[in-house]
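Chemist: Here it is: the structure, laid out below.
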Amino acid sequence: MNTTPSRLTRNNLLGCVLAGGQSRRMGGGDKPLLDLGGRTMLDMILARLSPQLADIVLNANGDPDRFARFELPVVPDPLGDYAGPLAGILAGLEFASAHRPDVSHVISVAGDTPFFPTDLVGRFCAAVPSDRPVIALASSSDKLQPVFGLWPVALKSDLHDWLDSGQSGKVLAFVDRHNSVEVAFDTDPVSGLDPFFNANRPDDLATVRDALSLTNR
């Protein structure tokens, strides 16, 4: 698909860290707040995302005070009860629409994926046109990573109606309704991990710690 040169900058973007899941496979609780040797997973995620974006919100349900030390707005799912990543993306879009009229796109990032690319935002911005709403989704190893995406705020009402009408909460089901591009990323050369490796189970935390020991050398 041909695109016109993008004029997106960090000033047009809002980051949304999706931290609103129930973490059933991890035994419950907040995966982003798990300790990984003196830092939480959310500390690691924000350390990667903050240099790429000027503004970030957290999507999380329940008491927002547990995230108070991060000093970021906490926005709950606007629809449903733990309705999945699309509800979190909608939370980011609605926050941008209500509070940041200068923001045209929201970047979604999973709250359990601490090694995502440090050029994620720049690559997304370069991949989409500036004159029409196009979704960008990350991929790695020939597999889409739909929780990592760039979402035009112009799609807010359509996403709200999609979820409110009881349609599928799966990200790709909604994406298929719109123009989209895929942005491919390589394996991390230091850790050897897929950059979108996510810590779903307790055993995955050992993998994260091992990767940290390599990247911190």
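Following the order of the structure tokens, chains are lettered A, B, ..., residues in each are numbered from 1, and ligands are numbered from 1.
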From a DSSP calculation on the backbone, collect every residue of range 72-175 of chain A in helix (DSSP H, G or I) and output the set as a count of residues only.
Modeler: 40
Chemist: So that I can see what lies close to Asp176 in chain A, please list as a PDB file with N, CA and C atoms, in the first residue's frame the residues with an atom at most 12 Å from it, counting only C-alpha atoms and leaving out residues fewer than 5 positions away in the same chain.
Modeler:
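Done, and the output landed in part.pdb:
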```
ATOM      1  N   VAL A 134      -5.174   5.359   9.172  1.00  0.00           N
ATOM      2  CA  VAL A 134      -4.628   4.027   8.902  1.00  0.00           C
ATOM      3  C   VAL A 134      -4.036   3.495  10.202  1.00  0.00           C
ATOM      4  N   ILE A 135      -4.387   2.271  10.540  1.00  0.00           N
ATOM      5  CA  ILE A 135      -3.846   1.612  11.730  1.00  0.00           C
ATOM      6  C   ILE A 135      -2.511   0.967  11.378  1.00  0.00           C
ATOM      7  N   ALA A 136      -1.542   1.064  12.258  1.00  0.00           N
ATOM      8  CA  ALA A 136      -0.272   0.343  12.100  1.00  0.00           C
ATOM      9  C   ALA A 136      -0.173  -0.694  13.212  1.00  0.00           C
ATOM     10  N   LEU A 137       0.187  -1.916  12.842  1.00  0.00           N
ATOM     11  CA  LEU A 137       0.383  -2.992  13.819  1.00  0.00           C
ATOM     12  C   LEU A 137       1.790  -3.537  13.697  1.00  0.00           C
ATOM     13  N   PRO A 146      -0.745  -7.645  17.669  1.00  0.00           N
ATOM     14  CA  PRO A 146      -1.782  -6.619  17.539  1.00  0.00           C
ATOM     15  C   PRO A 146      -1.970  -5.713  18.748  1.00  0.00           C
ATOM     16  N   SER A 168     -16.887  -8.779  18.433  1.00  0.00           N
ATOM     17  CA  SER A 168     -15.698  -9.448  18.938  1.00  0.00           C
ATOM     18  C   SER A 168     -14.725  -8.465  19.576  1.00  0.00           C
ATOM     19  N   LYS A 170     -11.646  -9.212  19.886  1.00  0.00           N
ATOM     20  CA  LYS A 170     -10.332  -9.510  19.328  1.00  0.00           C
ATOM     21  C   LYS A 170      -9.861  -8.348  18.454  1.00  0.00           C
ATOM     22  N   VAL A 171      -8.611  -7.972  18.640  1.00  0.00           N
ATOM     23  CA  VAL A 171      -8.086  -6.781  17.979  1.00  0.00           C
ATOM     24  C   VAL A 171      -8.203  -6.887  16.466  1.00  0.00           C
ATOM     25  N   VAL A 181      -1.517  -1.177   8.126  1.00  0.00           N
ATOM     26  CA  VAL A 181      -0.208  -1.564   7.629  1.00  0.00           C
ATOM     27  C   VAL A 181       0.492  -2.380   8.712  1.00  0.00           C
TER      28      VAL A 181
END
```
Chemist: If you count only C-alpha atoms, which residues fall within 10 Å of Ser50 in chain A, apart from same-chain ones fewer than 6 positions away, as a list of chain:residue names?
Modeler: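 Near neighbours after the sequence-gap exclusion: A:Gly15, A:Ile56, A:Thr118.
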Chemist: Emit the selected residues as a short mmCIF file (atom, residue, chain, number, x, y, z; two decimals), in the first residue's frame, including N, CA and C atoms.
Modeler:
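Just written: result_27.cif:
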```
data_model
loop_
_atom_site.label_atom_id
_atom_site.label_comp_id
_atom_site.auth_asym_id
_atom_site.auth_seq_id
_atom_site.Cartn_x
_atom_site.Cartn_y
_atom_site.Cartn_z
N GLY A 15 0.86 7.83 24.29
CA GLY A 15 1.13 6.42 24.58
C GLY A 15 0.12 5.89 25.57
N ILE A 56 2.03 9.88 28.20
CA ILE A 56 1.67 8.47 28.37
C ILE A 56 0.56 8.39 29.41
N THR A 118 12.97 -0.03 20.79
CA THR A 118 13.18 1.38 21.17
C THR A 118 12.89 2.33 20.01
#
```
Chemist: Each residue of range 73-131 of chain A lying at most 12 Å from range 44-47 of chain A should get a row with its shortest atom-to-atom pair and the distance in Å to one decimal, counting only C-alpha atoms; could you produce that, ordered by chain and increasing number, as a Markdown table?
Modeler:
```
| residue | atom | partner | partner_atom | distance |
| --- | --- | --- | --- | --- |
| A:Ser108 | CA | A:Ile45 | CA | 11.8 |
| A:Val109 | CA | A:Ile45 | CA | 8.5 |
| A:Ala110 | CA | A:Ile45 | CA | 8.6 |
| A:Gly111 | CA | A:Ile45 | CA | 7.2 |
| A:Asp112 | CA | A:Ile45 | CA | 8.2 |
| A:Thr113 | CA | A:Ile45 | CA | 7.2 |
| A:Pro114 | CA | A:Ile45 | CA | 5.1 |
| A:Phe115 | CA | A:Ile45 | CA | 7.6 |
| A:Phe116 | CA | A:Ile45 | CA | 8.0 |
| A:Pro117 | CA | A:Ile45 | CA | 10.3 |
| A:Thr118 | CA | A:Ala47 | CA | 9.6 |
```
Chemist: Could you write out the selected residues, including N, CA and C atoms, as a JSON list (two decimals), in the first residue's frame?
Modeler:
```
[["chain", "number", "residue", "atom", "x", "y", "z"],
["A", 108, "SER", "N", -0.48, 2.01, 21.39],
["A", 108, "SER", "CA", -0.75, 1.03, 22.45],
["A", 108, "SER", "C", 0.45, 0.13, 22.65],
["A", 109, "VAL", "N", 0.73, -0.16, 23.93],
["A", 109, "VAL", "CA", 1.87, -0.98, 24.33],
["A", 109, "VAL", "C", 1.40, -1.93, 25.42],
["A", 110, "ALA", "N", 1.76, -3.20, 25.32],
["A", 110, "ALA", "CA", 1.36, -4.17, 26.33],
["A", 110, "ALA", "C", 2.12, -3.94, 27.63],
["A", 111, "GLY", "N", 1.44, -4.17, 28.74],
["A", 111, "GLY", "CA", 2.04, -3.95, 30.05],
["A", 111, "GLY", "C", 2.85, -5.11, 30.57],
["A", 112, "ASP", "N", 3.08, -6.13, 29.73],
["A", 112, "ASP", "CA", 3.85, -7.30, 30.17],
["A", 112, "ASP", "C", 4.95, -7.67, 29.17],
["A", 113, "THR", "N", 5.37, -6.68, 28.38],
["A", 113, "THR", "CA", 6.32, -6.92, 27.29],
["A", 113, "THR", "C", 7.48, -5.93, 27.42],
["A", 114, "PRO", "N", 8.48, -6.25, 28.25],
["A", 114, "PRO", "CA", 9.47, -5.25, 28.62],
["A", 114, "PRO", "C", 10.60, -5.00, 27.63],
["A", 115, "PHE", "N", 10.66, -5.76, 26.51],
["A", 115, "PHE", "CA", 11.76, -5.60, 25.58],
["A", 115, "PHE", "C", 11.33, -5.10, 24.20],
["A", 116, "PHE", "N", 10.16, -4.43, 24.14],
["A", 116, "PHE", "CA", 9.67, -3.97, 22.85],
["A", 116, "PHE", "C", 10.67, -2.97, 22.25],
["A", 117, "PRO", "N", 10.63, -2.77, 20.94],
["A", 117, "PRO", "CA", 11.68, -1.98, 20.26],
["A", 117, "PRO", "C", 11.76, -0.53, 20.72],
["A", 118, "THR", "N", 12.97, -0.03, 20.79],
["A", 118, "THR", "CA", 13.18, 1.38, 21.17],
["A", 118, "THR", "C", 12.89, 2.33, 20.01]]
```
Chemist: Could you check the closest approach to Leu18 in chain A for each of A:Gly37, A:Pro73, A:Gly88, A:Gly62 and tell me which residue wins, using only C-alpha atoms?
Modeler: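 Smallest separation from Leu18 in chain A among the options: A:Gly88.
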Chemist: Taking only C-alpha atoms into account, which of A:Pro133, A:Pro202, A:Pro78, A:Pro101 comes nearest Arg177 in chain A?
Modeler: A:Pro133
Chemist: What does the distance from CA of Phe196 in chain A to CA of Trp151 in chain A come to in Å, to one decimal?
Modeler: 18.3 Å
Chemist: Rounded to one decimal in Å, what is the spacing between CA of Gly92 in chain A and CA of Val106 in chain A?
Modeler: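 Between CA of Gly92 in chain A and CA of Val106 in chain A the gap is 6.6 Å.
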Chemist: Could you pull out the strand (DSSP E or B) residues of range 42-161 of chain A from DSSP and send them as a PyMOL selection string?
Modeler: chain A and resi 56-59+74-75+105-110+135-140+143-152
Chemist: Export N, CA and C atoms of the chosen residues as a PDB file, in the first residue's frame?
Modeler:
```
ATOM      1  N   ILE A  56       2.033   9.876  28.197  1.00  0.00           N
ATOM      2  CA  ILE A  56       1.667   8.471  28.373  1.00  0.00           C
ATOM      3  C   ILE A  56       0.555   8.386  29.412  1.00  0.00           C
ATOM      4  N   VAL A  57      -0.396   7.482  29.171  1.00  0.00           N
ATOM      5  CA  VAL A  57      -1.399   7.134  30.176  1.00  0.00           C
ATOM      6  C   VAL A  57      -1.327   5.633  30.418  1.00  0.00           C
ATOM      7  N   LEU A  58      -1.828   5.219  31.581  1.00  0.00           N
ATOM      8  CA  LEU A  58      -1.945   3.802  31.903  1.00  0.00           C
ATOM      9  C   LEU A  58      -3.399   3.401  31.816  1.00  0.00           C
ATOM     10  N   ASN A  59      -3.675   2.316  31.130  1.00  0.00           N
ATOM     11  CA  ASN A  59      -5.016   1.744  31.146  1.00  0.00           C
ATOM     12  C   ASN A  59      -5.034   0.632  32.179  1.00  0.00           C
ATOM     13  N   VAL A  74      -4.363   7.418  35.044  1.00  0.00           N
ATOM     14  CA  VAL A  74      -4.813   6.025  34.981  1.00  0.00           C
ATOM     15  C   VAL A  74      -6.247   6.027  34.481  1.00  0.00           C
ATOM     16  N   VAL A  75      -6.484   5.379  33.349  1.00  0.00           N
ATOM     17  CA  VAL A  75      -7.811   5.387  32.730  1.00  0.00           C
ATOM     18  C   VAL A  75      -8.343   3.950  32.671  1.00  0.00           C
ATOM     19  N   HIS A 105      -3.182  10.435  17.227  1.00  0.00           N
ATOM     20  CA  HIS A 105      -3.002   8.985  17.256  1.00  0.00           C
ATOM     21  C   HIS A 105      -2.580   8.531  18.648  1.00  0.00           C
ATOM     22  N   VAL A 106      -2.986   7.313  18.981  1.00  0.00           N
ATOM     23  CA  VAL A 106      -2.591   6.675  20.237  1.00  0.00           C
ATOM     24  C   VAL A 106      -1.728   5.463  19.916  1.00  0.00           C
ATOM     25  N   ILE A 107      -0.624   5.327  20.638  1.00  0.00           N
ATOM     26  CA  ILE A 107       0.253   4.159  20.524  1.00  0.00           C
ATOM     27  C   ILE A 107      -0.056   3.225  21.684  1.00  0.00           C
ATOM     28  N   SER A 108      -0.476   2.008  21.390  1.00  0.00           N
ATOM     29  CA  SER A 108      -0.752   1.032  22.448  1.00  0.00           C
ATOM     30  C   SER A 108       0.453   0.125  22.653  1.00  0.00           C
ATOM     31  N   VAL A 109       0.734  -0.160  23.928  1.00  0.00           N
ATOM     32  CA  VAL A 109       1.870  -0.985  24.326  1.00  0.00           C
ATOM     33  C   VAL A 109       1.396  -1.933  25.416  1.00  0.00           C
ATOM     34  N   ALA A 110       1.756  -3.198  25.318  1.00  0.00           N
ATOM     35  CA  ALA A 110       1.360  -4.173  26.331  1.00  0.00           C
ATOM     36  C   ALA A 110       2.116  -3.936  27.631  1.00  0.00           C
ATOM     37  N   ILE A 135      -4.387   2.271  10.540  1.00  0.00           N
ATOM     38  CA  ILE A 135      -3.846   1.612  11.730  1.00  0.00           C
ATOM     39  C   ILE A 135      -2.511   0.967  11.378  1.00  0.00           C
ATOM     40  N   ALA A 136      -1.542   1.064  12.258  1.00  0.00           N
ATOM     41  CA  ALA A 136      -0.272   0.343  12.100  1.00  0.00           C
ATOM     42  C   ALA A 136      -0.173  -0.694  13.212  1.00  0.00           C
ATOM     43  N   LEU A 137       0.187  -1.916  12.842  1.00  0.00           N
ATOM     44  CA  LEU A 137       0.383  -2.992  13.819  1.00  0.00           C
ATOM     45  C   LEU A 137       1.790  -3.537  13.697  1.00  0.00           C
ATOM     46  N   ALA A 138       2.389  -3.869  14.822  1.00  0.00           N
ATOM     47  CA  ALA A 138       3.721  -4.461  14.831  1.00  0.00           C
ATOM     48  C   ALA A 138       3.654  -5.933  14.480  1.00  0.00           C
ATOM     49  N   SER A 139       4.775  -6.455  13.958  1.00  0.00           N
ATOM     50  CA  SER A 139       4.911  -7.894  13.746  1.00  0.00           C
ATOM     51  C   SER A 139       6.354  -8.288  14.011  1.00  0.00           C
ATOM     52  N   SER A 140       6.541  -9.572  14.290  1.00  0.00           N
ATOM     53  CA  SER A 140       7.874 -10.141  14.459  1.00  0.00           C
ATOM     54  C   SER A 140       7.792 -11.617  14.146  1.00  0.00           C
ATOM     55  N   LYS A 143       4.699 -12.910  12.529  1.00  0.00           N
ATOM     56  CA  LYS A 143       3.482 -12.992  13.338  1.00  0.00           C
ATOM     57  C   LYS A 143       3.085 -11.599  13.789  1.00  0.00           C
ATOM     58  N   LEU A 144       1.818 -11.255  13.589  1.00  0.00           N
ATOM     59  CA  LEU A 144       1.333  -9.955  14.039  1.00  0.00           C
ATOM     60  C   LEU A 144       1.328  -9.874  15.566  1.00  0.00           C
ATOM     61  N   GLN A 145       1.625  -8.693  16.071  1.00  0.00           N
ATOM     62  CA  GLN A 145       1.588  -8.404  17.510  1.00  0.00           C
ATOM     63  C   GLN A 145       0.546  -7.297  17.713  1.00  0.00           C
ATOM     64  N   PRO A 146      -0.745  -7.645  17.669  1.00  0.00           N
ATOM     65  CA  PRO A 146      -1.782  -6.619  17.539  1.00  0.00           C
ATOM     66  C   PRO A 146      -1.970  -5.713  18.748  1.00  0.00           C
ATOM     67  N   VAL A 147      -1.421  -6.077  19.910  1.00  0.00           N
ATOM     68  CA  VAL A 147      -1.546  -5.183  21.060  1.00  0.00           C
ATOM     69  C   VAL A 147      -0.625  -3.977  20.911  1.00  0.00           C
ATOM     70  N   PHE A 148       0.407  -4.107  20.070  1.00  0.00           N
ATOM     71  CA  PHE A 148       1.301  -2.990  19.783  1.00  0.00           C
ATOM     72  C   PHE A 148       0.846  -2.340  18.488  1.00  0.00           C
ATOM     73  N   GLY A 149       0.199  -1.193  18.611  1.00  0.00           N
ATOM     74  CA  GLY A 149      -0.360  -0.566  17.426  1.00  0.00           C
ATOM     75  C   GLY A 149      -0.403   0.940  17.512  1.00  0.00           C
ATOM     76  N   LEU A 150      -0.608   1.567  16.373  1.00  0.00           N
ATOM     77  CA  LEU A 150      -0.852   2.999  16.257  1.00  0.00           C
ATOM     78  C   LEU A 150      -2.288   3.161  15.787  1.00  0.00           C
ATOM     79  N   TRP A 151      -3.082   3.915  16.571  1.00  0.00           N
ATOM     80  CA  TRP A 151      -4.527   3.985  16.366  1.00  0.00           C
ATOM     81  C   TRP A 151      -4.965   5.429  16.154  1.00  0.00           C
ATOM     82  N   PRO A 152      -5.549   5.754  15.007  1.00  0.00           N
ATOM     83  CA  PRO A 152      -6.066   7.108  14.792  1.00  0.00           C
ATOM     84  C   PRO A 152      -7.216   7.412  15.742  1.00  0.00           C
TER      85      PRO A 152
END
```
Chemist: With distances taken over only C-alpha atoms, which residue among A:Ala98, A:Ala154, A:Cys16, A:Ser104 lies nearest Cys125 in chain A?
Modeler: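 Of A:Ala98, A:Ala154, A:Cys16, A:Ser104, the one nearest Cys125 in chain A is A:Ser104, counting only C-alpha atoms.
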Chemist: Go ahead and compute the interatomic distance for CA of Ala96 in chain A and CA of Val183 in chain A, in Å to one decimal.
Modeler: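 Between CA of Ala96 in chain A and CA of Val183 in chain A the gap works out to 23.5 Å.
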Chemist: Using only C-alpha atoms for the distances, tell me which of A:Phe70, A:Phe185, A:Phe124, A:Phe95 is nearest to Thr9 in chain A.
Modeler: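 The shortest atom-to-atom distance to Thr9 in chain A comes from A:Phe124.
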